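File shown: upload_27.txt (compact mmCIF, C-alpha atoms).
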```txt
# COMPACT_ATOMS: atom_id res chain seq x y z
CA MET A 209 0.00 0.00 0.00
CA ASP A 210 1.78 3.18 -1.08
CA LYS A 211 1.34 6.53 0.62
CA GLU A 212 -0.77 7.97 -2.15
CA THR A 213 -3.28 5.15 -1.95
CA LEU A 214 -3.36 5.34 1.84
CA LEU A 215 -4.71 8.86 1.68
CA LEU A 216 -7.53 8.03 -0.68
CA THR A 217 -11.04 7.21 0.39
CA VAL A 218 -13.38 5.90 -2.28
CA ALA A 219 -17.14 6.02 -1.79
CA VAL A 220 -19.03 3.39 -3.78
CA LEU A 221 -22.60 4.68 -3.97
CA GLY A 222 -25.00 1.84 -4.58
CA GLY A 223 -22.22 -0.37 -3.25
CA THR A 224 -24.64 -3.07 -2.11
CA GLY A 225 -25.30 -3.96 -5.76
CA LYS A 226 -23.20 -6.61 -7.46
CA GLU A 227 -21.13 -4.26 -9.60
CA GLY A 228 -20.42 -1.86 -6.73
CA LYS A 229 -19.61 -4.63 -4.31
CA GLY A 230 -17.14 -6.16 -6.74
CA LEU A 231 -15.36 -2.86 -7.27
CA ALA A 232 -15.35 -2.15 -3.52
CA TYR A 233 -13.78 -5.55 -2.87
CA ARG A 234 -11.03 -4.98 -5.41
CA TRP A 235 -10.22 -1.45 -4.22
CA ALA A 236 -10.18 -2.45 -0.55
CA LYS A 237 -7.80 -5.25 -1.48
CA ALA A 238 -5.58 -2.73 -3.27
CA GLY A 239 -5.35 -0.63 -0.10
CA TYR A 240 -7.95 2.07 -0.59
CA ASN A 241 -10.23 3.11 2.24
CA VAL A 242 -13.63 2.09 0.92
CA LEU A 243 -16.99 3.45 1.98
CA ILE A 244 -19.99 1.46 0.85
CA GLY A 245 -22.94 3.79 0.35
CA SER A 246 -26.57 2.80 0.04
CA ARG A 247 -30.00 4.33 0.51
CA SER A 248 -30.20 1.94 3.45
CA SER A 249 -27.25 2.29 5.84
CA GLU A 250 -28.06 -1.11 7.30
CA LYS A 251 -27.70 -2.84 3.95
CA ALA A 252 -24.44 -0.95 3.42
CA VAL A 253 -23.11 -2.17 6.78
CA THR A 254 -24.03 -5.75 5.86
CA ALA A 255 -22.32 -5.47 2.46
CA ALA A 256 -19.22 -3.98 4.09
CA SER A 257 -18.93 -6.87 6.53
CA GLU A 258 -19.38 -9.37 3.71
CA ILE A 259 -16.52 -7.77 1.82
CA LEU A 260 -14.33 -7.64 4.93
CA GLU A 261 -14.94 -11.34 5.38
CA MET A 262 -13.75 -11.99 1.82
CA LEU A 263 -10.66 -9.95 2.61
CA ASP A 264 -10.00 -11.87 5.85
CA GLY A 265 -10.15 -8.57 7.70
CA GLY A 266 -7.22 -7.15 5.74
CA GLY A 267 -8.80 -3.96 4.45
CA SER A 268 -10.80 -0.88 5.33
CA VAL A 269 -14.46 -1.13 4.31
CA VAL A 270 -17.22 0.77 6.10
CA GLY A 271 -20.92 0.84 5.27
CA THR A 272 -23.01 4.00 5.60
CA SER A 273 -25.57 6.11 3.72
CA ASN A 274 -24.86 7.36 0.19
CA VAL A 275 -24.83 10.94 1.47
CA GLU A 276 -22.41 10.21 4.30
CA ALA A 277 -20.15 8.13 2.06
CA ALA A 278 -19.98 10.90 -0.54
CA ALA A 279 -19.24 13.50 2.14
CA GLN A 280 -16.27 11.58 3.54
CA ALA A 281 -14.62 10.43 0.31
CA ASN A 282 -12.06 11.92 -2.08
CA ILE A 283 -13.36 9.88 -4.97
CA ILE A 284 -17.04 9.08 -5.46
CA VAL A 285 -18.13 6.19 -7.65
CA LEU A 286 -21.77 5.81 -8.68
CA THR A 287 -22.97 2.25 -9.32
CA VAL A 288 -26.75 2.49 -8.98
CA PRO A 289 -29.28 1.24 -11.56
CA TYR A 290 -30.25 3.96 -14.01
CA ALA A 291 -33.69 4.32 -12.38
CA ALA A 292 -31.95 5.68 -9.25
CA HIS A 293 -29.37 7.77 -11.12
CA ARG A 294 -30.84 11.25 -10.90
CA GLU A 295 -32.18 10.84 -7.38
CA THR A 296 -28.84 9.64 -6.04
CA LEU A 297 -26.97 12.43 -7.81
CA GLU A 298 -29.30 15.06 -6.37
CA SER A 299 -28.84 13.60 -2.89
CA VAL A 300 -25.02 13.85 -2.93
CA LYS A 301 -24.71 17.03 -4.96
CA GLY A 302 -23.66 19.04 -1.89
CA SER A 303 -20.62 16.81 -1.24
CA VAL A 304 -18.90 16.56 -4.59
CA ALA A 305 -17.14 19.92 -5.10
CA GLY A 306 -13.45 19.52 -5.85
CA LYS A 307 -13.68 15.73 -5.93
CA LEU A 308 -13.44 13.17 -8.69
CA PHE A 309 -16.79 11.64 -9.56
CA ILE A 310 -16.85 8.39 -11.53
CA ASP A 311 -20.12 7.28 -13.11
CA VAL A 312 -20.54 3.56 -13.80
CA THR A 313 -24.21 3.87 -14.76
CA VAL A 314 -25.59 2.44 -17.99
CA PRO A 315 -28.92 3.97 -19.02
CA LEU A 316 -30.61 0.70 -19.97
CA VAL A 317 -34.31 1.08 -20.71
CA PRO A 318 -36.15 -2.19 -20.01
CA PRO A 319 -37.40 -4.24 -21.68
CA LYS A 320 -35.26 -3.35 -24.73
CA VAL A 321 -31.92 -3.40 -22.95
CA SER A 322 -30.08 -4.57 -26.06
CA LYS A 323 -31.08 -1.40 -27.92
CA VAL A 324 -29.10 1.78 -27.27
CA GLN A 325 -31.41 4.42 -25.77
CA MET A 326 -29.63 7.44 -24.33
CA PRO A 327 -31.14 10.17 -22.15
CA PRO A 328 -31.52 13.71 -23.55
CA ALA A 329 -28.15 14.75 -22.07
CA GLY A 330 -26.48 12.29 -24.47
CA SER A 331 -25.40 9.69 -21.90
CA ALA A 332 -25.74 8.95 -18.20
CA ALA A 333 -22.31 10.49 -17.58
CA GLN A 334 -23.27 13.73 -19.30
CA GLU A 335 -26.49 13.76 -17.30
CA ALA A 336 -24.42 13.39 -14.11
CA ARG A 337 -22.29 16.29 -15.24
CA GLU A 338 -25.39 18.44 -15.79
CA ILE A 339 -26.80 17.59 -12.36
CA LEU A 340 -23.55 18.02 -10.44
CA GLY A 341 -22.56 21.25 -12.16
CA GLU A 342 -19.29 22.59 -13.50
CA GLY A 343 -17.27 22.45 -10.28
CA VAL A 344 -16.77 18.70 -10.30
CA GLU A 345 -14.67 16.51 -12.56
CA VAL A 346 -16.73 13.64 -13.95
CA ALA A 347 -15.27 10.46 -15.42
CA ALA A 348 -17.13 7.36 -16.57
CA ALA A 349 -15.81 3.81 -16.53
CA PHE A 350 -16.51 0.10 -15.85
CA GLN A 351 -19.83 0.07 -17.75
CA ASN A 352 -18.91 -3.00 -19.81
CA ILE A 353 -17.58 -5.24 -17.04
CA SER A 354 -19.66 -8.23 -15.93
CA HIS A 355 -20.07 -8.05 -12.17
CA GLU A 356 -19.50 -11.80 -11.89
CA HIS A 357 -15.88 -11.18 -12.68
CA LEU A 358 -15.25 -8.52 -10.09
CA LEU A 359 -15.93 -10.51 -6.93
CA THR A 360 -13.32 -13.08 -7.86
CA ASP A 361 -9.59 -12.57 -8.09
CA GLY A 362 -9.47 -13.87 -11.65
CA ASP A 363 -8.54 -11.93 -14.74
CA VAL A 364 -11.31 -9.89 -16.31
CA GLU A 365 -11.34 -10.43 -20.05
CA CYS A 366 -12.65 -6.95 -20.86
CA ASP A 367 -10.81 -3.64 -21.13
CA VAL A 368 -12.21 -0.51 -19.49
CA LEU A 369 -12.77 2.56 -21.66
CA VAL A 370 -12.50 5.71 -19.55
CA THR A 371 -14.07 8.99 -20.60
CA GLY A 372 -14.05 12.20 -18.59
CA THR A 373 -14.30 15.95 -18.41
CA SER A 374 -10.50 16.37 -18.38
CA LYS A 375 -7.38 14.35 -19.07
CA ASN A 376 -6.60 14.56 -15.36
CA ALA A 377 -9.98 13.07 -14.44
CA ARG A 378 -9.43 10.24 -16.92
CA GLN A 379 -5.96 9.53 -15.59
CA GLU A 380 -7.16 9.42 -11.99
CA ALA A 381 -9.95 7.08 -13.02
CA ILE A 382 -7.49 4.87 -14.91
CA ARG A 383 -5.48 4.58 -11.69
CA LEU A 384 -8.59 3.10 -10.05
CA VAL A 385 -9.13 0.80 -13.02
CA GLU A 386 -5.61 -0.53 -12.62
CA ALA A 387 -5.98 -0.82 -8.85
CA ALA A 388 -8.93 -3.10 -9.58
CA GLY A 389 -6.68 -5.29 -11.72
CA LEU A 390 -8.16 -4.18 -15.03
CA ILE A 391 -6.76 -2.59 -18.18
CA GLY A 392 -7.91 1.00 -18.71
CA TRP A 393 -7.79 3.25 -21.78
CA ASP A 394 -8.23 6.99 -22.08
CA ALA A 395 -11.26 7.01 -24.40
CA GLY A 396 -11.62 10.77 -24.65
CA PRO A 397 -13.98 13.53 -23.60
CA ILE A 398 -17.18 12.98 -21.62
CA GLU A 399 -19.14 13.24 -24.89
CA ASN A 400 -17.64 9.88 -25.86
CA SER A 401 -19.47 8.20 -22.97
CA VAL A 402 -22.35 7.37 -25.31
CA VAL A 403 -20.08 4.85 -27.01
CA VAL A 404 -19.05 3.11 -23.81
CA GLU A 405 -22.49 3.09 -22.20
CA GLY A 406 -24.10 2.02 -25.47
CA LEU A 407 -21.53 -0.73 -25.88
CA THR A 408 -23.16 -2.47 -22.92
CA SER A 409 -26.37 -2.86 -24.97
CA VAL A 410 -24.30 -4.15 -27.90
CA LEU A 411 -22.62 -6.71 -25.63
CA ILE A 412 -26.00 -7.79 -24.21
CA HIS A 413 -27.19 -8.25 -27.80
CA ILE A 414 -24.09 -10.31 -28.63
CA ASN A 415 -24.63 -12.47 -25.53
CA ARG A 416 -28.17 -13.19 -26.67
CA GLN A 417 -27.26 -13.85 -30.30
CA TYR A 418 -24.25 -16.05 -29.66
CA GLY A 419 -25.26 -17.78 -26.43
CA SER A 420 -22.51 -16.19 -24.38
CA THR A 421 -22.82 -14.59 -20.94
CA HIS A 422 -19.72 -12.42 -20.64
CA ALA A 423 -19.02 -10.77 -23.96
CA GLY A 424 -16.50 -7.96 -23.56
CA ILE A 425 -13.98 -6.01 -25.60
CA ARG A 426 -10.25 -5.65 -25.90
CA ILE A 427 -8.45 -2.78 -27.57
CA THR A 428 -6.01 -4.05 -30.19
CA GLY A 429 -3.19 -2.38 -32.08
CA ALA A 430 -2.15 -0.05 -29.24
CA LYS A 431 -0.08 -0.27 -26.08
CA ASN A 432 -1.21 1.45 -22.90
CA LYS A 433 2.13 1.22 -21.07
CA MET B 1266 -16.59 -19.07 -56.03
CA ASP B 1267 -19.92 -20.61 -55.04
CA LYS B 1268 -23.10 -20.08 -56.97
CA GLU B 1269 -24.62 -17.77 -54.40
CA THR B 1270 -21.65 -15.42 -54.56
CA LEU B 1271 -21.61 -15.56 -58.34
CA LEU B 1272 -25.04 -14.02 -58.48
CA LEU B 1273 -24.19 -11.10 -56.28
CA THR B 1274 -23.10 -7.72 -57.51
CA VAL B 1275 -21.81 -5.28 -54.94
CA ALA B 1276 -21.67 -1.56 -55.66
CA VAL B 1277 -19.08 0.30 -53.63
CA LEU B 1278 -20.14 3.94 -53.75
CA GLY B 1279 -17.19 6.22 -53.10
CA GLY B 1280 -15.09 3.24 -54.10
CA THR B 1281 -12.20 5.43 -55.23
CA GLY B 1282 -11.48 6.28 -51.58
CA LYS B 1283 -9.06 4.17 -49.59
CA GLU B 1284 -11.68 2.36 -47.49
CA GLY B 1285 -13.93 1.60 -50.43
CA LYS B 1286 -11.05 0.49 -52.62
CA GLY B 1287 -9.82 -1.90 -49.96
CA LEU B 1288 -13.26 -3.46 -49.53
CA ALA B 1289 -13.74 -3.68 -53.31
CA TYR B 1290 -10.40 -5.47 -53.65
CA ARG B 1291 -11.29 -8.01 -50.99
CA TRP B 1292 -14.78 -8.69 -52.34
CA ALA B 1293 -13.58 -9.05 -55.92
CA LYS B 1294 -10.98 -11.48 -54.66
CA ALA B 1295 -13.73 -13.45 -52.90
CA GLY B 1296 -15.65 -13.79 -56.17
CA TYR B 1297 -18.23 -11.01 -56.04
CA ASN B 1298 -18.94 -8.87 -59.05
CA VAL B 1299 -17.81 -5.45 -57.89
CA LEU B 1300 -18.90 -2.10 -59.26
CA ILE B 1301 -16.80 0.86 -58.19
CA GLY B 1302 -18.96 3.96 -58.02
CA SER B 1303 -17.78 7.55 -57.87
CA ARG B 1304 -19.08 11.01 -58.65
CA SER B 1305 -16.52 10.89 -61.42
CA SER B 1306 -16.90 7.81 -63.65
CA GLU B 1307 -13.37 8.35 -64.94
CA LYS B 1308 -11.89 8.10 -61.45
CA ALA B 1309 -13.99 4.99 -60.86
CA VAL B 1310 -12.64 3.38 -64.05
CA THR B 1311 -9.08 4.15 -62.96
CA ALA B 1312 -9.67 2.69 -59.48
CA ALA B 1313 -11.24 -0.43 -61.01
CA SER B 1314 -8.23 -1.05 -63.24
CA GLU B 1315 -5.87 -0.53 -60.29
CA ILE B 1316 -7.76 -3.17 -58.33
CA LEU B 1317 -7.83 -5.55 -61.30
CA GLU B 1318 -4.07 -5.17 -61.54
CA MET B 1319 -3.71 -6.17 -57.89
CA LEU B 1320 -5.89 -9.20 -58.63
CA ASP B 1321 -3.83 -10.15 -61.69
CA GLY B 1322 -6.99 -9.96 -63.74
CA GLY B 1323 -8.70 -12.66 -61.70
CA GLY B 1324 -11.85 -10.84 -60.72
CA SER B 1325 -14.74 -8.72 -61.89
CA VAL B 1326 -14.35 -5.02 -61.11
CA VAL B 1327 -15.94 -2.28 -63.18
CA GLY B 1328 -15.85 1.47 -62.61
CA THR B 1329 -18.86 3.70 -63.25
CA SER B 1330 -20.92 6.48 -61.68
CA ASN B 1331 -22.42 6.09 -58.21
CA VAL B 1332 -25.91 6.18 -59.71
CA GLU B 1333 -25.16 3.53 -62.34
CA ALA B 1334 -23.37 1.30 -59.82
CA ALA B 1335 -26.29 1.46 -57.41
CA ALA B 1336 -28.77 0.69 -60.19
CA GLN B 1337 -26.94 -2.48 -61.27
CA ALA B 1338 -26.09 -3.96 -57.88
CA ASN B 1339 -27.88 -6.28 -55.43
CA ILE B 1340 -25.94 -4.89 -52.50
CA ILE B 1341 -24.94 -1.24 -52.19
CA VAL B 1342 -22.13 -0.17 -49.90
CA LEU B 1343 -21.60 3.50 -49.09
CA THR B 1344 -18.02 4.53 -48.29
CA VAL B 1345 -18.02 8.30 -48.88
CA PRO B 1346 -16.78 10.90 -46.39
CA TYR B 1347 -19.57 12.19 -44.19
CA ALA B 1348 -19.61 15.54 -46.05
CA ALA B 1349 -20.89 13.67 -49.14
CA HIS B 1350 -23.23 11.33 -47.24
CA ARG B 1351 -26.59 13.00 -47.76
CA GLU B 1352 -25.90 14.06 -51.33
CA THR B 1353 -24.83 10.59 -52.39
CA LEU B 1354 -27.83 8.99 -50.69
CA GLU B 1355 -30.21 11.38 -52.43
CA SER B 1356 -28.57 10.61 -55.78
CA VAL B 1357 -29.06 6.82 -55.52
CA LYS B 1358 -32.38 6.83 -53.67
CA GLY B 1359 -34.25 5.69 -56.79
CA SER B 1360 -32.19 2.48 -57.09
CA VAL B 1361 -32.24 0.98 -53.63
CA ALA B 1362 -35.71 -0.54 -53.23
CA GLY B 1363 -35.60 -4.20 -52.23
CA LYS B 1364 -31.81 -4.18 -51.93
CA LEU B 1365 -29.45 -4.37 -48.99
CA PHE B 1366 -27.77 -1.07 -48.26
CA ILE B 1367 -24.63 -1.07 -46.09
CA ASP B 1368 -23.42 2.23 -44.67
CA VAL B 1369 -19.73 2.48 -43.76
CA THR B 1370 -19.87 6.21 -43.05
CA VAL B 1371 -18.57 7.72 -39.83
CA PRO B 1372 -19.95 11.19 -39.12
CA LEU B 1373 -16.65 12.75 -38.07
CA VAL B 1374 -16.87 16.51 -37.58
CA PRO B 1375 -13.43 18.11 -38.19
CA PRO B 1376 -11.44 19.38 -36.45
CA LYS B 1377 -12.63 17.49 -33.35
CA VAL B 1378 -12.65 14.05 -34.90
CA SER B 1379 -11.80 12.34 -31.61
CA LYS B 1380 -15.01 13.65 -30.03
CA VAL B 1381 -18.26 11.80 -30.77
CA GLN B 1382 -20.65 14.14 -32.57
CA MET B 1383 -23.67 12.43 -34.09
CA PRO B 1384 -26.19 13.95 -36.54
CA PRO B 1385 -29.77 14.62 -35.38
CA ALA B 1386 -30.92 11.22 -36.71
CA GLY B 1387 -28.71 9.57 -34.06
CA SER B 1388 -26.04 8.20 -36.38
CA ALA B 1389 -25.05 8.26 -40.05
CA ALA B 1390 -26.75 4.88 -40.55
CA GLN B 1391 -30.04 6.13 -39.10
CA GLU B 1392 -29.74 9.21 -41.29
CA ALA B 1393 -29.31 6.92 -44.31
CA ARG B 1394 -32.40 5.06 -43.25
CA GLU B 1395 -34.37 8.30 -43.02
CA ILE B 1396 -33.24 9.43 -46.46
CA LEU B 1397 -33.77 6.07 -48.21
CA GLY B 1398 -37.15 5.40 -46.62
CA GLU B 1399 -38.75 2.28 -45.17
CA GLY B 1400 -38.54 0.07 -48.26
CA VAL B 1401 -34.83 -0.63 -47.95
CA GLU B 1402 -32.92 -2.73 -45.43
CA VAL B 1403 -30.01 -0.74 -44.01
CA ALA B 1404 -27.03 -2.26 -42.26
CA ALA B 1405 -23.89 -0.52 -41.03
CA ALA B 1406 -20.43 -2.04 -40.77
CA PHE B 1407 -16.65 -1.59 -41.25
CA GLN B 1408 -16.53 1.84 -39.56
CA ASN B 1409 -13.65 0.90 -37.26
CA ILE B 1410 -11.33 -0.74 -39.79
CA SER B 1411 -8.17 1.10 -40.81
CA HIS B 1412 -8.10 1.28 -44.58
CA GLU B 1413 -4.37 0.50 -44.59
CA HIS B 1414 -5.26 -3.04 -43.63
CA LEU B 1415 -7.79 -3.68 -46.34
CA LEU B 1416 -5.58 -3.33 -49.39
CA THR B 1417 -3.22 -5.99 -48.15
CA ASP B 1418 -3.96 -9.68 -47.74
CA GLY B 1419 -2.90 -9.62 -44.10
CA ASP B 1420 -5.06 -10.25 -41.09
CA VAL B 1421 -7.02 -7.28 -39.84
CA GLU B 1422 -6.70 -7.03 -36.08
CA CYS B 1423 -10.15 -5.50 -35.58
CA ASP B 1424 -13.57 -7.12 -35.40
CA VAL B 1425 -16.51 -5.68 -37.32
CA LEU B 1426 -19.68 -4.80 -35.40
CA VAL B 1427 -22.70 -5.03 -37.68
CA THR B 1428 -25.95 -3.21 -36.95
CA GLY B 1429 -29.02 -3.17 -39.13
CA THR B 1430 -32.74 -2.75 -39.56
CA SER B 1431 -33.36 -6.51 -39.38
CA LYS B 1432 -31.59 -9.67 -38.39
CA ASN B 1433 -31.62 -10.70 -42.04
CA ALA B 1434 -29.88 -7.47 -43.07
CA ARG B 1435 -27.24 -8.01 -40.41
CA GLN B 1436 -26.68 -11.59 -41.46
CA GLU B 1437 -26.27 -10.65 -45.11
CA ALA B 1438 -23.83 -7.93 -44.12
CA ILE B 1439 -21.89 -10.38 -41.93
CA ARG B 1440 -21.52 -12.60 -45.00
CA LEU B 1441 -19.77 -9.70 -46.73
CA VAL B 1442 -17.62 -9.09 -43.66
CA GLU B 1443 -16.48 -12.68 -43.75
CA ALA B 1444 -15.96 -12.59 -47.51
CA ALA B 1445 -13.54 -9.72 -46.83
CA GLY B 1446 -11.63 -11.97 -44.43
CA LEU B 1447 -12.82 -10.21 -41.29
CA ILE B 1448 -14.68 -11.29 -38.16
CA GLY B 1449 -18.22 -9.92 -37.93
CA TRP B 1450 -20.66 -9.71 -35.02
CA ASP B 1451 -24.38 -9.04 -34.98
CA ALA B 1452 -24.36 -5.89 -32.87
CA GLY B 1453 -28.09 -5.28 -32.87
CA PRO B 1454 -30.64 -2.85 -34.24
CA ILE B 1455 -29.79 0.17 -36.37
CA GLU B 1456 -30.12 2.36 -33.24
CA ASN B 1457 -26.92 0.74 -31.98
CA SER B 1458 -24.97 2.28 -34.87
CA VAL B 1459 -24.12 5.26 -32.66
CA VAL B 1460 -21.84 2.95 -30.67
CA VAL B 1461 -19.98 1.63 -33.69
CA GLU B 1462 -19.66 4.94 -35.50
CA GLY B 1463 -18.69 6.71 -32.26
CA LEU B 1464 -16.13 4.02 -31.52
CA THR B 1465 -14.13 5.36 -34.46
CA SER B 1466 -13.68 8.66 -32.58
CA VAL B 1467 -12.68 6.72 -29.46
CA LEU B 1468 -10.10 4.76 -31.46
CA ILE B 1469 -8.73 7.98 -32.99
CA HIS B 1470 -8.43 9.37 -29.47
CA ILE B 1471 -6.61 6.22 -28.33
CA ASN B 1472 -4.24 6.43 -31.30
CA ARG B 1473 -3.37 10.01 -30.32
CA GLN B 1474 -3.00 9.30 -26.62
CA TYR B 1475 -0.96 6.13 -26.93
CA GLY B 1476 1.05 6.84 -30.09
CA SER B 1477 -0.58 4.05 -32.08
CA THR B 1478 -1.93 4.22 -35.62
CA HIS B 1479 -4.26 1.23 -35.88
CA ALA B 1480 -6.15 0.84 -32.64
CA GLY B 1481 -9.07 -1.55 -33.06
CA ILE B 1482 -11.30 -3.81 -30.99
CA ARG B 1483 -11.89 -7.48 -30.49
CA ILE B 1484 -14.96 -9.01 -28.91
CA THR B 1485 -13.99 -11.34 -26.07
CA GLY B 1486 -15.95 -13.94 -24.12
CA ALA B 1487 -18.16 -15.02 -27.03
CA LYS B 1488 -17.84 -17.30 -30.04
CA ASN B 1489 -19.32 -16.31 -33.39
CA LYS B 1490 -19.17 -19.76 -34.97
```
Would you kindly transcribe this structure into structure tokens?
Amino acid sequence: MDKETLLLTVAVLGGTGKEGKGLAYRWAKAGYNVLIGSRSSEKAVTAASEILEMLDGGGSVVGTSNVEAAAQANIIVLTVPYAAHRETLESVKGSVAGKLFIDVTVPLVPPKVSKVQMPPAGSAAQEAREILGEGVEVAAAFQNISHEHLLTDGDVECDVLVTGTSKNARQEAIRLVEAAGLIGWDAGPIENSVVVEGLTSVLIHINRQYGSTHAGIRITGAKNK
Amino acid sequence: MDKETLLLTVAVLGGTGKEGKGLAYRWAKAGYNVLIGSRSSEKAVTAASEILEMLDGGGSVVGTSNVEAAAQANIIVLTVPYAAHRETLESVKGSVAGKLFIDVTVPLVPPKVSKVQMPPAGSAAQEAREILGEGVEVAAAFQNISHEHLLTDGDVECDVLVTGTSKNARQEAIRLVEAAGLIGWDAGPIENSVVVEGLTSVLIHINRQYGSTHAGIRITGAKNK
């Protein structure tokens, strides 16, 4: 655990969900202080103790409310279903100034989840940006990762495309991608989030068409190190 | 050359450009009758003879106008720059009924070509659909392939995501992808084209950030055969 990591507290809002829990597990293992946020603090406390158990006690994971988690963290990661996206953003809006905000949300519209359907802002990440205002750096990442992969220590056979409001935001987010044991790529400005979020619908379609369960992507022809 | 292929004539509109020429070369090599279309018939004739030379005469490639090429073909492939997209579509609109139309266009908006900027229709492919009307099946493919790869016989290290107005349109387009020696995936309805077209901007961004020239993608975790 290096000094830089030691200082960082990551709030995983919606961290009782499978995706959030998987990310929380991997970051706690990498030495980050992790706060699991949820609408229900009790559920967050339960999720935190489950993760601590997986870590054999060797990590810092605390469960609390979304609002409290956001207030105490340096980095805030949003992993709620799209139906709770706006509401959760509004609830933590007061605690995000000067922090890095990472949106994991995919705006799937049931029942046609294999068809790309973006909100008027252009993407969930751009919607988050609109709600949170100009003072906060927003990045978006992890939308294409199957949650089944995250709660194991195995390799994840899917790269992470990282978009964001600035190069700095993307680089900070890529550090978290790598801390989670994944390969991250700077995929450009926040406007490019539509590609990454929409890719989740494409991958769901591929899973259905080809009988797979974990379709993902790899970037070819480039080296990220 | 099987009988099915023998019957098929593919028009490559804008086939004097690098992308179109590369696809034309590969399809002619696979046994399709290829018509190179261009605004200038003379340029199309020149491009056709260049391709024939590469094939050592072993193929059928004819150069003509875009309008004539579209009229004579069973499958029409549009490979013009986005600036000529609408105009070319309007010019061939009378010849597309009952045919498969494949749009290769990426709506890049210079100078910010690494930022996703889609037209009001949602994507170039959806715009094509609007212009051509309901009577024609529209698929979209090949947007992420570097043209440098197509004019050689080497492997292309990038999969092709195929969207389209029907499963049948996507399957027919995938047949052309495979005839060109590439790996194709059914990527869902035409609305998903925004992902594939936008991915080109993401790949341009990756090339700039990581000093590469041919970033591409591969689908992982699924088998297409």
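Considering the residues B:Val1421, B:Ile1410, B:Leu1278, B:Val1374 and counting all atoms listed in the file, B:Thr1353 has its shortest atom-to-atom contact with B:Leu1278.
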Using all atoms listed in the file, find all polymer residues with an atom at most 10 Å away from the point (-33.7, 2.0, -15.1); report them as a list in words.
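Applying the cut-off with all atoms listed in the file, one gets Val288, Pro289, Tyr290, Ala291, Ala292, His293, Thr313, Val314, Pro315, Leu316, Val317, Pro318, Pro319 and Val321 of chain A.
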So that I can see what lies close to stretch 1435-1445 of chain B, please list as a PyMOL selection string the residues with an atom at most 7 Å from it, counting all atoms listed in the file and leaving out residues fewer than 3 positions away in the same chain.
chain B and resi 1288+1291-1292+1295+1404+1427-1429+1431-1432+1448-1449+1451
Who sits within 8 Å of stretch 1323-1335 of chain B, all atoms listed in the file, same chain under 6 positions skipped, as a compact mmCIF listing (two decimals) with C-alpha atoms, in the frame of the given file:
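As written to disk, out16.txt reads:
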```
# COMPACT_ATOMS: atom_id res chain seq x y z
CA ALA B 1276 -21.67 -1.56 -55.66
CA VAL B 1277 -19.08 0.30 -53.63
CA LEU B 1278 -20.14 3.94 -53.75
CA GLY B 1279 -17.19 6.22 -53.10
CA ALA B 1289 -13.74 -3.68 -53.31
CA ALA B 1293 -13.58 -9.05 -55.92
CA LYS B 1294 -10.98 -11.48 -54.66
CA GLY B 1296 -15.65 -13.79 -56.17
CA TYR B 1297 -18.23 -11.01 -56.04
CA ASN B 1298 -18.94 -8.87 -59.05
CA VAL B 1299 -17.81 -5.45 -57.89
CA LEU B 1300 -18.90 -2.10 -59.26
CA ILE B 1301 -16.80 0.86 -58.19
CA GLY B 1302 -18.96 3.96 -58.02
CA SER B 1303 -17.78 7.55 -57.87
CA ARG B 1304 -19.08 11.01 -58.65
CA SER B 1305 -16.52 10.89 -61.42
CA SER B 1306 -16.90 7.81 -63.65
CA GLU B 1307 -13.37 8.35 -64.94
CA LYS B 1308 -11.89 8.10 -61.45
CA ALA B 1309 -13.99 4.99 -60.86
CA VAL B 1310 -12.64 3.38 -64.05
CA THR B 1311 -9.08 4.15 -62.96
CA ALA B 1312 -9.67 2.69 -59.48
CA ALA B 1313 -11.24 -0.43 -61.01
CA SER B 1314 -8.23 -1.05 -63.24
CA ILE B 1316 -7.76 -3.17 -58.33
CA LEU B 1317 -7.83 -5.55 -61.30
CA ILE B 1341 -24.94 -1.24 -52.19
CA THR B 1353 -24.83 10.59 -52.39
CA SER B 1356 -28.57 10.61 -55.78
CA VAL B 1357 -29.06 6.82 -55.52
CA SER B 1360 -32.19 2.48 -57.09
CA VAL B 1361 -32.24 0.98 -53.63
```
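Atom pair atom CA of B:Val1459 / atom CA of B:Thr1344: separated by 16.8 Å.
Near (-24.5, -16.1, -28.5), the residues that fall inside 12 Å on the basis of all atoms listed in the file are A:Val410, A:Leu411, A:Ile412, A:His413, A:Ile414, A:Asn415, A:Arg416, A:Gln417, A:Tyr418, A:Gly419, A:Ser420, A:Thr421, A:His422, A:Ala423, B:Trp1450, B:Asp1451, B:Ala1452, B:Ile1484, B:Thr1485, B:Gly1486, B:Ala1487, B:Lys1488, B:Asn1489, B:Lys1490.
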Which of these, B:His1412, B:Lys1377, B:Arg1394, B:Lys1364, has the shortest distance to chain A once you count all atoms listed in the file?
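Counting all atoms listed in the file, the residue closest to chain A is B:Lys1377.
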Kindly give the distance, in Å, that separates atom CA of B:Phe1366 and atom CA of B:Pro1384, rounded to a single decimal.
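According to the coordinates, atom CA of B:Phe1366 and atom CA of B:Pro1384 are separated by 19.1 Å.
Distances here use all atoms listed in the file; by that measure, the residue among B:Asn1409, B:Thr1274, B:Ser1466, B:Ser1388 closest to chain A is B:Ser1466.
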Given the choices B:Asp1321, B:Glu1395, B:Glu1315, B:Glu1422, which gets closest to chain A if the distance is worked out from only C-alpha atoms?
B:Glu1422
Students should find that atom CA of B:Gly1481 and atom CA of B:Cys1423 are spaced 4.8 Å
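With all atoms listed in the file as the atoms that count, the residue of A:Gly343, A:Ser322, A:Gly389, A:Leu358 with the shortest distance to chain B is A:Ser322.
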What lies within 8 Å of B:Gln1408 using only C-alpha atoms, ignoring chain neighbours under 4 positions off, as a VMD selection string?
chain B and resid 1369 to 1371 1425 1461 to 1462 1465
